[in-house]
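A.B. asks: Take a look at the following structure, please.
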Amino acid sequence: MTHPLRGSDFRAERVQSLILETVDSLMLCPAERKEEATREALAKLRPHLEVALEALETIGRTRGLNDEVIAKREAFMMLLDLAGQPAH
């Protein structure tokens, strides 16, 4: 059986990887499609960001958060906020 914290670590790391893959993909996107593609990407990331934030909360409750994890949580929260904004 997997230890719950290891699962939490894995979920947070997986979302970080998804974000990096998404950014790489958006960098290759044509300029005329970039804004729409970014909105689409954020919408797809939203559920993953929510899971990652829950995982980081679990980690924080059990062992506390170091500076790196706090920075990751803040970045995830910022992206989640952007993902929730309506299109202009």
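Residue numbering restarts at 1 for every chain of the structure tokens, chains are lettered A, B, ... in their displayed order, and ligands are numbered from 1 as they appear.
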Need the shell around Glu40 (chain A): protein/DNA/RNA residues with any atom at most 12 Å away, counting only C-alpha atoms. Skip same-chain ones fewer than 4 positions apart. Format as a ChimeraX atom specification?
C.D. replies: /A:22,26,33-36,44-46,82-87
A.B. asks: Name the residues in contact with Ile70 (chain A) at a cut-off of 12 Å, using only C-alpha atoms, excluding same-chain residues fewer than 4 positions from it; report them as JSON, numbers by chain.
C.D. replies: {"A": [12, 53, 56, 57, 59, 60, 64, 65, 66, 74, 75, 76, 77]}
A.B. asks: Of the residues A:Ile19, A:Leu79, A:Ala31, A:Val69, which is the one nearest to Ala55 (chain A), using only C-alpha atoms?
C.D. replies: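 For Ala55 (chain A), the nearest of the given residues is A:Val69.
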A.B. asks: Can you work out the spacing between CA of Arg39 (chain A) and CA of Val15 (chain A) in Å, to one decimal?
C.D. replies: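 Rounded to one decimal, the two atoms are 17.2 Å apart.
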A.B. asks: In chain A, what's helix (DSSP H, G or I) per DSSP? Answer as a ChimeraX atom specification?
C.D. replies: /A:4-27,31-63,67-83
A.B. asks: When you count only C-alpha atoms, which of these residues is closest to Ser17 (chain A): A:Asp67, A:Lys72, A:Ala37, A:Arg61?
C.D. replies: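 The closest residue to Ser17 (chain A) is A:Lys72.
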A.B. asks: Which residue gives the smallest distance to Arg14 (chain A) among A:His48, A:Arg63, A:Leu42, A:Met27, with only C-alpha atoms counted?
C.D. replies: A:His48
